Amino acid sequence: QVQLVESGGGLVQPGGSLKLSCAASGFSVSQYYMYWYRQAPENERKVVARVSPSGSYTFYVDSMKGRFTVSRDNAKNMLYLQMNNLKPEDTAVYYCNVPQRLGVDYRGRGTQVTVSS
């Protein structure tokens, strides 16, 4: 079955850290760009970060630069997002996608990140 499964979310205090994981199954991710998105309540889903097939090139939305790090392990078919210095405005459901393979509208279950004291 072709799918992406996100994990690693939770409740964290402002300034804390979380590492999200995305496990791909049913296909190999090694030739595709991979993305992290997030969707806060009452908002559209937005891109957070992107990583090239080799992992050498990354892109971050400005508000995440210096705080978030995207990485991948093609051998394990995994995508990661290390999030540091989390802020309340980072609260959202986080999703991963491989749009070249699964389409831009694909949406897994996501993982909830809540930043609150």
# chains A, B, ... in the order shown; residues from 1 in each chain; ligands from 1

$ closest_atom_pairs --of "stretch 9-60 of chain A" --to "stretch 93-103 of chain A" --cutoff "9 Å" --atoms "only C-alpha atoms" --output "JSON lines"
{"residue": "A:Gly9", "atom": "CA", "partner": "A:Tyr94", "partner_atom": "CA", "distance": 8.1}
{"residue": "A:Leu20", "atom": "CA", "partner": "A:Tyr94", "partner_atom": "CA", "distance": 8.4}
{"residue": "A:Ser21", "atom": "CA", "partner": "A:Cys96", "partner_atom": "CA", "distance": 8.7}
{"residue": "A:Cys22", "atom": "CA", "partner": "A:Cys96", "partner_atom": "CA", "distance": 6.4}
{"residue": "A:Phe27", "atom": "CA", "partner": "A:Arg101", "partner_atom": "CA", "distance": 8.8}
{"residue": "A:Val29", "atom": "CA", "partner": "A:Val98", "partner_atom": "CA", "distance": 7.7}
{"residue": "A:Tyr32", "atom": "CA", "partner": "A:Val98", "partner_atom": "CA", "distance": 6.7}
{"residue": "A:Tyr33", "atom": "CA", "partner": "A:Val98", "partner_atom": "CA", "distance": 6.4}
{"residue": "A:Met34", "atom": "CA", "partner": "A:Val98", "partner_atom": "CA", "distance": 4.9}
{"residue": "A:Tyr35", "atom": "CA", "partner": "A:Asn97", "partner_atom": "CA", "distance": 5.3}
{"residue": "A:Trp36", "atom": "CA", "partner": "A:Cys96", "partner_atom": "CA", "distance": 4.5}
{"residue": "A:Tyr37", "atom": "CA", "partner": "A:Tyr95", "partner_atom": "CA", "distance": 5.1}
{"residue": "A:Arg38", "atom": "CA", "partner": "A:Tyr94", "partner_atom": "CA", "distance": 4.2}
{"residue": "A:Gln39", "atom": "CA", "partner": "A:Val93", "partner_atom": "CA", "distance": 5.3}
{"residue": "A:Ala40", "atom": "CA", "partner": "A:Val93", "partner_atom": "CA", "distance": 6.3}
{"residue": "A:Pro41", "atom": "CA", "partner": "A:Val93", "partner_atom": "CA", "distance": 8.5}
{"residue": "A:Arg45", "atom": "CA", "partner": "A:Tyr95", "partner_atom": "CA", "distance": 8.8}
{"residue": "A:Val48", "atom": "CA", "partner": "A:Tyr94", "partner_atom": "CA", "distance": 8.8}

$ write_last_selection --atoms "N, CA, C and O atoms" --output "PDB file, in the first residue's frame"
ATOM      1  N   GLY A   9       4.772  13.959  16.863  1.00  0.00           N
ATOM      2  CA  GLY A   9       4.187  15.168  17.418  1.00  0.00           C
ATOM      3  C   GLY A   9       3.878  15.023  18.896  1.00  0.00           C
ATOM      4  O   GLY A   9       4.046  13.956  19.487  1.00  0.00           O
ATOM      5  N   LEU A  20       9.966  15.206  14.152  1.00  0.00           N
ATOM      6  CA  LEU A  20       8.919  14.497  13.431  1.00  0.00           C
ATOM      7  C   LEU A  20       9.525  13.510  12.453  1.00  0.00           C
ATOM      8  O   LEU A  20      10.605  13.736  11.907  1.00  0.00           O
ATOM      9  N   SER A  21       8.810  12.428  12.226  1.00  0.00           N
ATOM     10  CA  SER A  21       9.227  11.421  11.260  1.00  0.00           C
ATOM     11  C   SER A  21       8.105  11.157  10.278  1.00  0.00           C
ATOM     12  O   SER A  21       6.924  11.299  10.605  1.00  0.00           O
ATOM     13  N   CYS A  22       8.498  10.764   9.088  1.00  0.00           N
ATOM     14  CA  CYS A  22       7.540  10.408   8.042  1.00  0.00           C
ATOM     15  C   CYS A  22       8.042   9.124   7.396  1.00  0.00           C
ATOM     16  O   CYS A  22       9.129   9.109   6.810  1.00  0.00           O
ATOM     17  N   PHE A  27       6.526   2.414  -2.027  1.00  0.00           N
ATOM     18  CA  PHE A  27       7.334   2.980  -3.103  1.00  0.00           C
ATOM     19  C   PHE A  27       8.644   3.482  -2.500  1.00  0.00           C
ATOM     20  O   PHE A  27       8.744   3.671  -1.285  1.00  0.00           O
ATOM     21  N   VAL A  29      11.323   6.472  -2.011  1.00  0.00           N
ATOM     22  CA  VAL A  29      11.344   7.937  -2.046  1.00  0.00           C
ATOM     23  C   VAL A  29      12.608   8.495  -2.664  1.00  0.00           C
ATOM     24  O   VAL A  29      12.707   9.702  -2.869  1.00  0.00           O
ATOM     25  N   TYR A  32      12.731  11.371  -5.355  1.00  0.00           N
ATOM     26  CA  TYR A  32      11.751  12.446  -5.278  1.00  0.00           C
ATOM     27  C   TYR A  32      12.108  13.523  -4.251  1.00  0.00           C
ATOM     28  O   TYR A  32      12.698  13.227  -3.210  1.00  0.00           O
ATOM     29  N   TYR A  33      11.701  14.780  -4.557  1.00  0.00           N
ATOM     30  CA  TYR A  33      11.687  15.780  -3.534  1.00  0.00           C
ATOM     31  C   TYR A  33      10.638  15.374  -2.486  1.00  0.00           C
ATOM     32  O   TYR A  33       9.591  14.826  -2.818  1.00  0.00           O
ATOM     33  N   MET A  34      10.914  15.705  -1.241  1.00  0.00           N
ATOM     34  CA  MET A  34       9.979  15.434  -0.163  1.00  0.00           C
ATOM     35  C   MET A  34       9.701  16.734   0.592  1.00  0.00           C
ATOM     36  O   MET A  34      10.589  17.585   0.730  1.00  0.00           O
ATOM     37  N   TYR A  35       8.467  16.855   1.059  1.00  0.00           N
ATOM     38  CA  TYR A  35       8.013  18.105   1.669  1.00  0.00           C
ATOM     39  C   TYR A  35       7.405  17.850   3.045  1.00  0.00           C
ATOM     40  O   TYR A  35       6.784  16.809   3.291  1.00  0.00           O
ATOM     41  N   TRP A  36       7.550  18.844   3.901  1.00  0.00           N
ATOM     42  CA  TRP A  36       6.758  18.954   5.123  1.00  0.00           C
ATOM     43  C   TRP A  36       5.809  20.145   4.941  1.00  0.00           C
ATOM     44  O   TRP A  36       6.207  21.205   4.461  1.00  0.00           O
ATOM     45  N   TYR A  37       4.569  19.927   5.372  1.00  0.00           N
ATOM     46  CA  TYR A  37       3.562  20.976   5.390  1.00  0.00           C
ATOM     47  C   TYR A  37       3.002  21.067   6.811  1.00  0.00           C
ATOM     48  O   TYR A  37       3.201  20.165   7.625  1.00  0.00           O
ATOM     49  N   ARG A  38       2.269  22.130   7.078  1.00  0.00           N
ATOM     50  CA  ARG A  38       1.518  22.194   8.317  1.00  0.00           C
ATOM     51  C   ARG A  38       0.213  22.939   8.078  1.00  0.00           C
ATOM     52  O   ARG A  38       0.113  23.765   7.161  1.00  0.00           O
ATOM     53  N   GLN A  39      -0.760  22.626   8.919  1.00  0.00           N
ATOM     54  CA  GLN A  39      -2.052  23.274   8.825  1.00  0.00           C
ATOM     55  C   GLN A  39      -2.535  23.592  10.220  1.00  0.00           C
ATOM     56  O   GLN A  39      -2.788  22.695  11.026  1.00  0.00           O
ATOM     57  N   ALA A  40      -2.625  24.888  10.497  1.00  0.00           N
ATOM     58  CA  ALA A  40      -3.161  25.356  11.768  1.00  0.00           C
ATOM     59  C   ALA A  40      -4.671  25.494  11.644  1.00  0.00           C
ATOM     60  O   ALA A  40      -5.196  25.631  10.537  1.00  0.00           O
ATOM     61  N   PRO A  41      -5.383  25.477  12.772  1.00  0.00           N
ATOM     62  CA  PRO A  41      -6.833  25.639  12.732  1.00  0.00           C
ATOM     63  C   PRO A  41      -7.235  26.903  11.980  1.00  0.00           C
ATOM     64  O   PRO A  41      -6.606  27.951  12.130  1.00  0.00           O
ATOM     65  N   ARG A  45      -3.321  24.545   4.429  1.00  0.00           N
ATOM     66  CA  ARG A  45      -2.071  23.815   4.564  1.00  0.00           C
ATOM     67  C   ARG A  45      -0.966  24.593   3.847  1.00  0.00           C
ATOM     68  O   ARG A  45      -1.158  25.055   2.714  1.00  0.00           O
ATOM     69  N   VAL A  48       6.291  23.910   4.795  1.00  0.00           N
ATOM     70  CA  VAL A  48       7.225  24.219   5.863  1.00  0.00           C
ATOM     71  C   VAL A  48       8.658  24.099   5.354  1.00  0.00           C
ATOM     72  O   VAL A  48       9.481  24.987   5.553  1.00  0.00           O
TER      73      VAL A  48
END

$ residues_around --residues "A:Tyr57" --least-positions-apart "3" --cutoff "12 Å" --atoms "only C-alpha atoms" --output "ChimeraX atom specification"
/A:33-34,49-54,60,69-72

$ closest_residue --among "A:Ser25, A:Ser117, A:Gly55, A:Gln13" --to "A:Tyr80" --atoms "only C-alpha atoms"
A:Gly55

$ residues_around --residues "A:Gly10" --least-positions-apart "5" --cutoff "10 Å" --atoms "only C-alpha atoms" --output "list in words"
Leu18, Lys19, Leu20, Thr91, Thr111, Gln112, Val113, Thr114 and Val115 of chain A

$ closest_residue --among "A:Asp90, A:Val61, A:Ala23, A:Ala75" --to "A:Gly8" --atoms "only C-alpha atoms"
A:Ala23

$ atom_distance --atom1 "atom CA of A:Gly16" --atom2 "atom CA of A:Asn85"
5.4 Å

$ select_by_dssp --residues "stretch 7-93 of chain A" --states "strand (DSSP E or B)" --output "VMD selection string"
chain A and resid 7 10 to 12 18 to 25 34 to 39 46 to 51 58 to 60 68 to 73 78 to 83 92 to 93

$ atom_distance --atom1 "atom CA of A:Lys76" --atom2 "atom CA of A:Gln1"
16.4 Å

$ decode --residues "stretch 8-29 of chain A" --atoms "N, CA, C and O atoms" --output "PDB file, in the first residue's frame"
ATOM      1  N   GLY A   8       5.614  11.566  15.810  1.00  0.00           N
ATOM      2  CA  GLY A   8       6.555  12.351  16.585  1.00  0.00           C
ATOM      3  C   GLY A   8       6.008  13.635  17.169  1.00  0.00           C
ATOM      4  O   GLY A   8       6.717  14.331  17.905  1.00  0.00           O
ATOM      5  N   GLY A   9       4.772  13.959  16.863  1.00  0.00           N
ATOM      6  CA  GLY A   9       4.187  15.168  17.418  1.00  0.00           C
ATOM      7  C   GLY A   9       3.878  15.023  18.896  1.00  0.00           C
ATOM      8  O   GLY A   9       4.046  13.956  19.487  1.00  0.00           O
ATOM      9  N   GLY A  10       3.423  16.124  19.488  1.00  0.00           N
ATOM     10  CA  GLY A  10       3.077  16.096  20.893  1.00  0.00           C
ATOM     11  C   GLY A  10       2.914  17.483  21.441  1.00  0.00           C
ATOM     12  O   GLY A  10       2.882  18.474  20.699  1.00  0.00           O
ATOM     13  N   LEU A  11       2.816  17.554  22.756  1.00  0.00           N
ATOM     14  CA  LEU A  11       2.697  18.822  23.475  1.00  0.00           C
ATOM     15  C   LEU A  11       4.067  19.215  24.002  1.00  0.00           C
ATOM     16  O   LEU A  11       4.724  18.407  24.687  1.00  0.00           O
ATOM     17  N   VAL A  12       4.487  20.426  23.715  1.00  0.00           N
ATOM     18  CA  VAL A  12       5.794  20.891  24.145  1.00  0.00           C
ATOM     19  C   VAL A  12       5.680  22.350  24.581  1.00  0.00           C
ATOM     20  O   VAL A  12       4.840  23.099  24.057  1.00  0.00           O
ATOM     21  N   GLN A  13       6.507  22.743  25.526  1.00  0.00           N
ATOM     22  CA  GLN A  13       6.506  24.129  25.984  1.00  0.00           C
ATOM     23  C   GLN A  13       7.241  25.022  24.994  1.00  0.00           C
ATOM     24  O   GLN A  13       8.110  24.534  24.246  1.00  0.00           O
ATOM     25  N   PRO A  14       6.918  26.301  24.974  1.00  0.00           N
ATOM     26  CA  PRO A  14       7.665  27.231  24.127  1.00  0.00           C
ATOM     27  C   PRO A  14       9.168  27.119  24.389  1.00  0.00           C
ATOM     28  O   PRO A  14       9.589  27.026  25.539  1.00  0.00           O
ATOM     29  N   GLY A  15       9.944  27.112  23.303  1.00  0.00           N
ATOM     30  CA  GLY A  15      11.387  26.938  23.417  1.00  0.00           C
ATOM     31  C   GLY A  15      11.832  25.492  23.346  1.00  0.00           C
ATOM     32  O   GLY A  15      13.034  25.222  23.239  1.00  0.00           O
ATOM     33  N   GLY A  16      10.900  24.576  23.390  1.00  0.00           N
ATOM     34  CA  GLY A  16      11.226  23.161  23.353  1.00  0.00           C
ATOM     35  C   GLY A  16      11.481  22.644  21.957  1.00  0.00           C
ATOM     36  O   GLY A  16      11.451  23.401  20.973  1.00  0.00           O
ATOM     37  N   SER A  17      11.719  21.336  21.875  1.00  0.00           N
ATOM     38  CA  SER A  17      12.065  20.692  20.601  1.00  0.00           C
ATOM     39  C   SER A  17      11.234  19.436  20.390  1.00  0.00           C
ATOM     40  O   SER A  17      10.808  18.786  21.353  1.00  0.00           O
ATOM     41  N   LEU A  18      11.041  19.125  19.129  1.00  0.00           N
ATOM     42  CA  LEU A  18      10.429  17.874  18.713  1.00  0.00           C
ATOM     43  C   LEU A  18      11.079  17.427  17.421  1.00  0.00           C
ATOM     44  O   LEU A  18      11.532  18.268  16.625  1.00  0.00           O
ATOM     45  N   LYS A  19      11.091  16.118  17.193  1.00  0.00           N
ATOM     46  CA  LYS A  19      11.549  15.594  15.911  1.00  0.00           C
ATOM     47  C   LYS A  19      10.427  14.764  15.299  1.00  0.00           C
ATOM     48  O   LYS A  19       9.988  13.771  15.889  1.00  0.00           O
ATOM     49  N   LEU A  20       9.966  15.206  14.152  1.00  0.00           N
ATOM     50  CA  LEU A  20       8.919  14.497  13.431  1.00  0.00           C
ATOM     51  C   LEU A  20       9.525  13.510  12.453  1.00  0.00           C
ATOM     52  O   LEU A  20      10.605  13.736  11.907  1.00  0.00           O
ATOM     53  N   SER A  21       8.810  12.428  12.226  1.00  0.00           N
ATOM     54  CA  SER A  21       9.227  11.421  11.260  1.00  0.00           C
ATOM     55  C   SER A  21       8.105  11.157  10.278  1.00  0.00           C
ATOM     56  O   SER A  21       6.924  11.299  10.605  1.00  0.00           O
ATOM     57  N   CYS A  22       8.498  10.764   9.088  1.00  0.00           N
ATOM     58  CA  CYS A  22       7.540  10.408   8.042  1.00  0.00           C
ATOM     59  C   CYS A  22       8.042   9.124   7.396  1.00  0.00           C
ATOM     60  O   CYS A  22       9.129   9.109   6.810  1.00  0.00           O
ATOM     61  N   ALA A  23       7.254   8.076   7.522  1.00  0.00           N
ATOM     62  CA  ALA A  23       7.628   6.779   6.962  1.00  0.00           C
ATOM     63  C   ALA A  23       6.852   6.531   5.677  1.00  0.00           C
ATOM     64  O   ALA A  23       5.615   6.565   5.683  1.00  0.00           O
ATOM     65  N   ALA A  24       7.577   6.291   4.607  1.00  0.00           N
ATOM     66  CA  ALA A  24       6.953   5.989   3.319  1.00  0.00           C
ATOM     67  C   ALA A  24       6.922   4.485   3.104  1.00  0.00           C
ATOM     68  O   ALA A  24       7.869   3.782   3.462  1.00  0.00           O
ATOM     69  N   SER A  25       5.834   4.021   2.536  1.00  0.00           N
ATOM     70  CA  SER A  25       5.735   2.598   2.213  1.00  0.00           C
ATOM     71  C   SER A  25       5.063   2.421   0.854  1.00  0.00           C
ATOM     72  O   SER A  25       4.306   3.276   0.411  1.00  0.00           O
ATOM     73  N   GLY A  26       5.387   1.326   0.198  1.00  0.00           N
ATOM     74  CA  GLY A  26       4.788   1.016  -1.091  1.00  0.00           C
ATOM     75  C   GLY A  26       5.518   1.601  -2.283  1.00  0.00           C
ATOM     76  O   GLY A  26       5.158   1.315  -3.425  1.00  0.00           O
ATOM     77  N   PHE A  27       6.526   2.414  -2.027  1.00  0.00           N
ATOM     78  CA  PHE A  27       7.334   2.980  -3.103  1.00  0.00           C
ATOM     79  C   PHE A  27       8.644   3.482  -2.500  1.00  0.00           C
ATOM     80  O   PHE A  27       8.744   3.671  -1.285  1.00  0.00           O
ATOM     81  N   SER A  28       9.615   3.714  -3.360  1.00  0.00           N
ATOM     82  CA  SER A  28      10.901   4.250  -2.910  1.00  0.00           C
ATOM     83  C   SER A  28      10.910   5.766  -3.067  1.00  0.00           C
ATOM     84  O   SER A  28      10.550   6.302  -4.117  1.00  0.00           O
ATOM     85  N   VAL A  29      11.323   6.472  -2.011  1.00  0.00           N
ATOM     86  CA  VAL A  29      11.344   7.937  -2.046  1.00  0.00           C
ATOM     87  C   VAL A  29      12.608   8.495  -2.664  1.00  0.00           C
ATOM     88  O   VAL A  29      12.707   9.702  -2.869  1.00  0.00           O
TER      89      VAL A  29
END
